[in-house]
file coords_10.txt (compact mmCIF, C-alpha atoms)
# COMPACT_ATOMS: atom_id res chain seq x y z
CA GLU A 483 -43.49 -109.73 -47.73
CA ALA A 484 -39.76 -110.27 -48.00
CA GLY A 485 -38.64 -113.73 -48.99
CA VAL A 486 -35.85 -115.91 -47.64
CA ALA A 487 -32.53 -114.11 -47.98
CA GLN A 488 -29.19 -115.84 -48.45
CA SER A 489 -25.65 -114.61 -48.79
CA PRO A 490 -23.30 -114.80 -50.45
CA ARG A 491 -24.86 -115.85 -53.74
CA TYR A 492 -21.61 -117.28 -55.06
CA LYS A 493 -18.43 -118.49 -53.38
CA ILE A 494 -15.28 -120.03 -54.78
CA ILE A 495 -12.74 -121.56 -52.41
CA GLU A 496 -9.92 -124.05 -52.51
CA LYS A 497 -10.20 -127.45 -50.89
CA ARG A 498 -9.38 -127.55 -47.18
CA GLN A 499 -10.48 -123.94 -46.74
CA SER A 500 -13.48 -123.02 -44.62
CA VAL A 501 -16.64 -121.24 -45.73
CA ALA A 502 -19.84 -119.96 -44.13
CA PHE A 503 -23.27 -119.26 -45.52
CA TRP A 504 -25.93 -117.05 -44.02
CA CYS A 505 -29.72 -117.31 -44.16
CA ASN A 506 -32.42 -114.94 -42.99
CA PRO A 507 -35.85 -116.64 -43.06
CA ILE A 508 -39.22 -115.05 -43.60
CA SER A 509 -40.28 -113.09 -40.55
CA GLY A 510 -42.27 -115.23 -38.14
CA HIS A 511 -41.19 -118.55 -39.59
CA ALA A 512 -40.17 -120.86 -36.78
CA THR A 513 -38.80 -123.67 -38.92
CA LEU A 514 -35.65 -123.35 -40.97
CA TYR A 515 -34.05 -125.88 -43.30
CA TRP A 516 -30.71 -126.18 -45.06
CA TYR A 517 -30.55 -128.26 -48.24
CA GLN A 518 -27.62 -129.27 -50.42
CA GLN A 519 -28.29 -129.46 -54.15
CA ILE A 520 -25.52 -131.10 -56.16
CA LEU A 521 -25.58 -130.46 -59.91
CA GLY A 522 -28.02 -132.81 -61.61
CA GLN A 523 -29.68 -133.90 -58.37
CA GLY A 524 -32.60 -132.80 -56.27
CA PRO A 525 -32.09 -130.95 -53.00
CA LYS A 526 -31.12 -133.07 -50.01
CA LEU A 527 -32.01 -131.99 -46.48
CA LEU A 528 -28.97 -131.34 -44.32
CA ILE A 529 -30.49 -129.94 -41.16
CA GLN A 530 -33.80 -128.67 -39.83
CA PHE A 531 -34.31 -126.19 -36.97
CA GLN A 532 -37.43 -125.45 -34.98
CA ASN A 533 -36.76 -122.04 -33.45
CA ASN A 534 -33.18 -122.42 -32.18
CA GLY A 535 -33.31 -126.18 -31.64
CA VAL A 536 -32.24 -128.92 -34.05
CA VAL A 537 -35.09 -131.19 -35.17
CA ASP A 538 -33.14 -133.35 -37.62
CA ASP A 539 -29.47 -133.35 -38.58
CA SER A 540 -29.19 -137.00 -39.53
CA GLN A 541 -27.84 -136.21 -43.01
CA LEU A 542 -25.40 -133.51 -41.95
CA PRO A 543 -21.73 -134.62 -42.29
CA LYS A 544 -20.86 -133.53 -38.81
CA ASP A 545 -17.13 -134.06 -39.18
CA ARG A 546 -16.96 -131.01 -41.44
CA PHE A 547 -20.37 -129.31 -41.48
CA SER A 548 -21.92 -127.31 -38.67
CA ALA A 549 -24.96 -125.10 -38.43
CA GLU A 550 -26.48 -122.85 -35.83
CA ARG A 551 -29.52 -120.69 -35.28
CA LEU A 552 -28.67 -119.04 -32.00
CA LYS A 553 -31.56 -116.59 -31.61
CA GLY A 554 -34.12 -118.58 -33.52
CA VAL A 555 -34.02 -116.28 -36.53
CA ASP A 556 -30.92 -116.11 -38.76
CA SER A 557 -28.86 -119.20 -39.39
CA THR A 558 -25.33 -119.94 -40.54
CA LEU A 559 -24.02 -123.10 -42.18
CA LYS A 560 -20.28 -123.71 -42.06
CA ILE A 561 -18.00 -126.14 -43.84
CA GLN A 562 -14.53 -126.74 -42.46
CA PRO A 563 -12.50 -128.06 -44.20
CA ALA A 564 -14.15 -128.10 -47.60
CA LYS A 565 -13.78 -130.99 -50.02
CA LEU A 566 -14.22 -131.06 -53.78
CA GLU A 567 -17.48 -133.00 -53.40
CA ASP A 568 -18.98 -130.12 -51.39
CA SER A 569 -19.40 -128.14 -54.60
CA ALA A 570 -23.14 -127.57 -54.74
CA VAL A 571 -25.90 -125.05 -54.27
CA TYR A 572 -26.88 -124.61 -50.63
CA LEU A 573 -30.53 -123.73 -50.25
CA CYS A 574 -32.18 -122.31 -47.19
CA ALA A 575 -35.93 -122.65 -46.67
CA SER A 576 -38.36 -121.63 -43.96
CA SER A 577 -41.90 -122.44 -42.94
CA LEU A 578 -44.29 -121.28 -40.26
CA SER A 579 -43.99 -124.28 -37.98
CA VAL A 580 -43.75 -128.02 -37.88
CA GLY A 581 -46.88 -129.76 -36.72
CA THR A 582 -49.88 -131.62 -37.96
CA THR A 583 -50.93 -128.86 -40.33
CA TYR A 584 -49.14 -128.59 -43.64
CA ASN A 585 -46.98 -125.47 -43.90
CA GLU A 586 -45.35 -124.58 -47.18
CA GLN A 587 -41.58 -124.31 -47.30
CA PHE A 588 -40.34 -121.11 -48.95
CA PHE A 589 -36.89 -121.29 -50.52
CA GLY A 590 -34.17 -118.71 -50.82
CA PRO A 591 -32.14 -118.22 -54.04
CA GLY A 592 -29.28 -120.36 -52.75
CA THR A 593 -25.51 -120.02 -52.46
CA ARG A 594 -23.50 -121.65 -55.21
CA LEU A 595 -20.26 -123.05 -53.78
CA THR A 596 -17.39 -124.11 -56.00
CA VAL A 597 -14.49 -125.94 -54.36
CA LEU A 598 -11.30 -126.04 -56.44
CA ALA B 582 -39.07 -144.02 -45.69
CA GLN B 583 -40.00 -142.08 -48.79
CA SER B 584 -38.49 -141.81 -52.25
CA VAL B 585 -39.35 -140.24 -55.56
CA THR B 586 -38.46 -141.26 -59.10
CA GLN B 587 -38.76 -138.78 -61.93
CA LEU B 588 -38.76 -140.47 -65.32
CA GLY B 589 -36.81 -138.49 -67.87
CA SER B 590 -34.13 -136.04 -66.84
CA HIS B 591 -34.81 -133.96 -69.96
CA VAL B 592 -38.12 -133.36 -71.71
CA SER B 593 -38.61 -131.23 -74.83
CA VAL B 594 -41.96 -130.04 -76.11
CA SER B 595 -43.06 -127.58 -78.74
CA GLU B 596 -44.76 -124.38 -77.70
CA GLY B 597 -48.49 -125.07 -77.44
CA ALA B 598 -48.04 -128.81 -76.96
CA LEU B 599 -48.99 -130.87 -73.93
CA VAL B 600 -46.50 -130.99 -71.07
CA LEU B 601 -46.27 -134.28 -69.17
CA LEU B 602 -43.64 -134.74 -66.47
CA ARG B 603 -43.68 -138.09 -64.70
CA CYS B 604 -43.25 -138.76 -60.99
CA ASN B 605 -43.60 -142.02 -59.09
CA TYR B 606 -43.27 -142.21 -55.34
CA SER B 607 -42.65 -144.75 -52.66
CA SER B 608 -43.88 -144.15 -49.14
CA SER B 609 -44.49 -146.29 -46.10
CA VAL B 610 -47.19 -143.89 -44.85
CA PRO B 611 -49.82 -141.82 -46.64
CA PRO B 612 -47.82 -139.17 -48.44
CA TYR B 613 -48.04 -135.53 -49.20
CA LEU B 614 -46.76 -134.82 -52.72
CA PHE B 615 -45.41 -131.65 -54.27
CA TRP B 616 -44.14 -130.22 -57.52
CA TYR B 617 -41.61 -127.42 -57.42
CA VAL B 618 -40.17 -125.36 -60.27
CA GLN B 619 -36.67 -123.90 -60.33
CA TYR B 620 -35.62 -121.20 -62.77
CA PRO B 621 -31.90 -120.59 -63.37
CA ASN B 622 -30.11 -119.10 -60.39
CA GLN B 623 -33.28 -119.01 -58.34
CA GLY B 624 -34.70 -120.99 -55.45
CA LEU B 625 -37.52 -123.47 -55.69
CA GLN B 626 -41.10 -122.28 -56.07
CA LEU B 627 -44.07 -124.44 -55.15
CA LEU B 628 -46.27 -125.23 -58.16
CA LEU B 629 -48.86 -127.39 -56.46
CA LYS B 630 -49.36 -129.86 -53.63
CA TYR B 631 -51.42 -132.89 -52.74
CA THR B 632 -52.32 -133.12 -49.06
CA SER B 633 -54.97 -135.87 -49.03
CA ALA B 634 -57.89 -133.77 -50.25
CA ALA B 635 -58.90 -133.80 -53.93
CA THR B 636 -56.80 -136.17 -56.03
CA LEU B 637 -56.71 -133.74 -58.96
CA VAL B 638 -54.71 -130.75 -57.88
CA LYS B 639 -54.52 -127.46 -59.73
CA GLY B 640 -51.53 -125.21 -59.30
CA ILE B 641 -50.10 -122.00 -60.60
CA ASN B 642 -49.36 -121.17 -64.24
CA GLY B 643 -51.94 -123.65 -65.56
CA PHE B 644 -50.27 -126.78 -64.19
CA GLU B 645 -52.14 -129.64 -62.59
CA ALA B 646 -51.33 -133.08 -61.22
CA GLU B 647 -53.34 -136.15 -60.33
CA PHE B 648 -52.61 -138.36 -57.35
CA LYS B 649 -53.11 -142.02 -58.32
CA LYS B 650 -52.60 -144.27 -55.34
CA SER B 651 -52.97 -147.49 -57.34
CA GLU B 652 -50.14 -146.40 -59.64
CA THR B 653 -48.14 -144.57 -56.93
CA SER B 654 -47.90 -141.68 -59.37
CA PHE B 655 -48.23 -137.92 -59.30
CA HIS B 656 -47.60 -136.78 -62.86
CA LEU B 657 -47.53 -133.07 -63.73
CA THR B 658 -49.38 -131.82 -66.80
CA LYS B 659 -50.14 -128.61 -68.63
CA PRO B 660 -52.35 -128.58 -71.72
CA SER B 661 -50.36 -126.00 -73.68
CA ALA B 662 -46.68 -125.23 -73.11
CA HIS B 663 -45.42 -121.68 -73.06
CA MET B 664 -41.85 -120.55 -73.58
CA SER B 665 -41.80 -119.25 -70.01
CA ASP B 666 -42.37 -122.81 -68.72
CA ALA B 667 -38.78 -123.75 -69.55
CA ALA B 668 -37.21 -124.60 -66.21
CA GLU B 669 -36.30 -127.54 -63.98
CA TYR B 670 -39.12 -129.31 -62.21
CA PHE B 671 -38.81 -131.33 -59.03
CA CYS B 672 -41.27 -133.78 -57.54
CA ALA B 673 -41.09 -134.21 -53.76
CA VAL B 674 -42.72 -136.37 -51.11
CA SER B 675 -43.26 -135.86 -47.40
CA PRO B 676 -44.95 -137.89 -44.70
CA SER B 677 -48.52 -136.70 -44.31
CA GLY B 678 -49.23 -134.27 -41.53
CA SER B 679 -46.06 -132.27 -41.79
CA ALA B 680 -44.00 -130.15 -44.13
CA ARG B 681 -40.71 -131.54 -42.90
CA GLN B 682 -38.57 -134.24 -44.41
CA LEU B 683 -39.16 -133.30 -48.02
CA THR B 684 -37.51 -135.91 -50.23
CA PHE B 685 -36.91 -134.68 -53.76
CA GLY B 686 -36.55 -136.45 -57.04
CA SER B 687 -33.59 -135.77 -59.28
CA GLY B 688 -35.46 -133.29 -61.43
CA THR B 689 -36.65 -132.94 -65.02
CA GLN B 690 -35.35 -130.17 -67.24
CA LEU B 691 -38.15 -128.92 -69.48
CA THR B 692 -37.22 -127.31 -72.78
CA VAL B 693 -39.90 -125.54 -74.81
CA LEU B 694 -39.18 -125.29 -78.50
CA PRO B 695 -40.56 -122.43 -80.60
call {"tool": "encode", "arguments": {"input": "coords_10.txt", "output": "structure tokens"}}
result
Amino acid sequence: EAGVAQSPRYKIIEKRQSVAFWCNPISGHATLYWYQQILGQGPKLLIQFQNNGVVDDSQLPKDRFSAERLKGVDSTLKIQPAKLEDSAVYLCASSLSVGTTYNEQFFGPGTRLTVL
Amino acid sequence: AQSVTQLGSHVSVSEGALVLLRCNYSSSVPPYLFWYVQYPNQGLQLLLKYTSAATLVKGINGFEAEFKKSETSFHLTKPSAHMSDAAEYFCAVSPSGSARQLTFGSGTQLTVLP
């Protein structure tokens, strides 16, 4: 079974530029998550989708970050314009569904963003 | 609200020695608790989880953790460290009944000395 795929793996941009990350979850997984992991910290949830709907985006800086999952499968996370403090690893994860039964989150390898 | 505190950002052990990584949690509802491992340039991999069944949980690669409600702890142990255990370990908490809203600790970097 293929895991969660992310691209690109690495990205270097200058501040005020825009950048986009792509995630392809495990086939059949309805729930998709984007996390931000700053160096030396644990991952922080940015946004959670259930199919193509947003479940939680309370920690997403909406003035510069946006995310979509139009067909309920792949997802893109965009930053525009980027700031120095956005330098981090962006992790995508997926799970079968959100409900009363525990479903493990499977993580992709992440995209390491460096903002100069 | 949930939070996790991992005591010790760096832990070093000798190969063959006991591994003990500490995690304390705070949760307003019965929690689910997790340990994840992250190798360099890779995503997180689930080591083990506590979901309100047995308080002593066994995971992959010989790791185990014990849920102690009275101490609000979920420490990770392994009797004998192997060089391949060198990685970063994250403790996480979630409200029971769901896999969403994982809140992670800041991580502990484990170094295994030959």
call {"tool": "atom_distance", "arguments": {"input": "coords_10.txt", "atom1": "CA of Val594 in chain B", "atom2": "CA of Ala662 in chain B"}}
result
7.4 Å
call {"tool": "atom_distance", "arguments": {"input": "coords_10.txt", "atom1": "CA of Ala635 in chain B", "atom2": "CA of Pro676 in chain B"}}
result
17.2 Å
call {"tool": "closest_residue", "arguments": {"input": "coords_10.txt", "among": "A:Gly554, A:Gly535, A:Gly524, A:Pro543", "to": "chain B", "atoms": "all atoms listed in the file"}}
result
A:Gly524
call {"tool": "atom_distance", "arguments": {"input": "coords_10.txt", "atom1": "CA of Gly643 in chain B", "atom2": "CA of Leu629 in chain B"}}
result
10.3 Å
call {"tool": "interface_residues", "arguments": {"input": "coords_10.txt", "of": "chain B", "to": "chain A", "cutoff": "12 Å", "atoms": "only C-alpha atoms", "output": "ChimeraX atom specification"}}
result
/B:584-587,590-591,612-633,669-690
call {"tool": "residues_near_point", "arguments": {"input": "coords_10.txt", "point": "(-11.2, -130.2, -51.8)", "cutoff": "9 Å", "atoms": "all atoms listed in the file", "output": "list in words"}}
result
Ile495, Glu496, Lys497, Arg498, Gln499, Pro563, Ala564, Lys565, Leu566, Glu567, Asp568, Ser569, Val597 and Leu598 of chain A
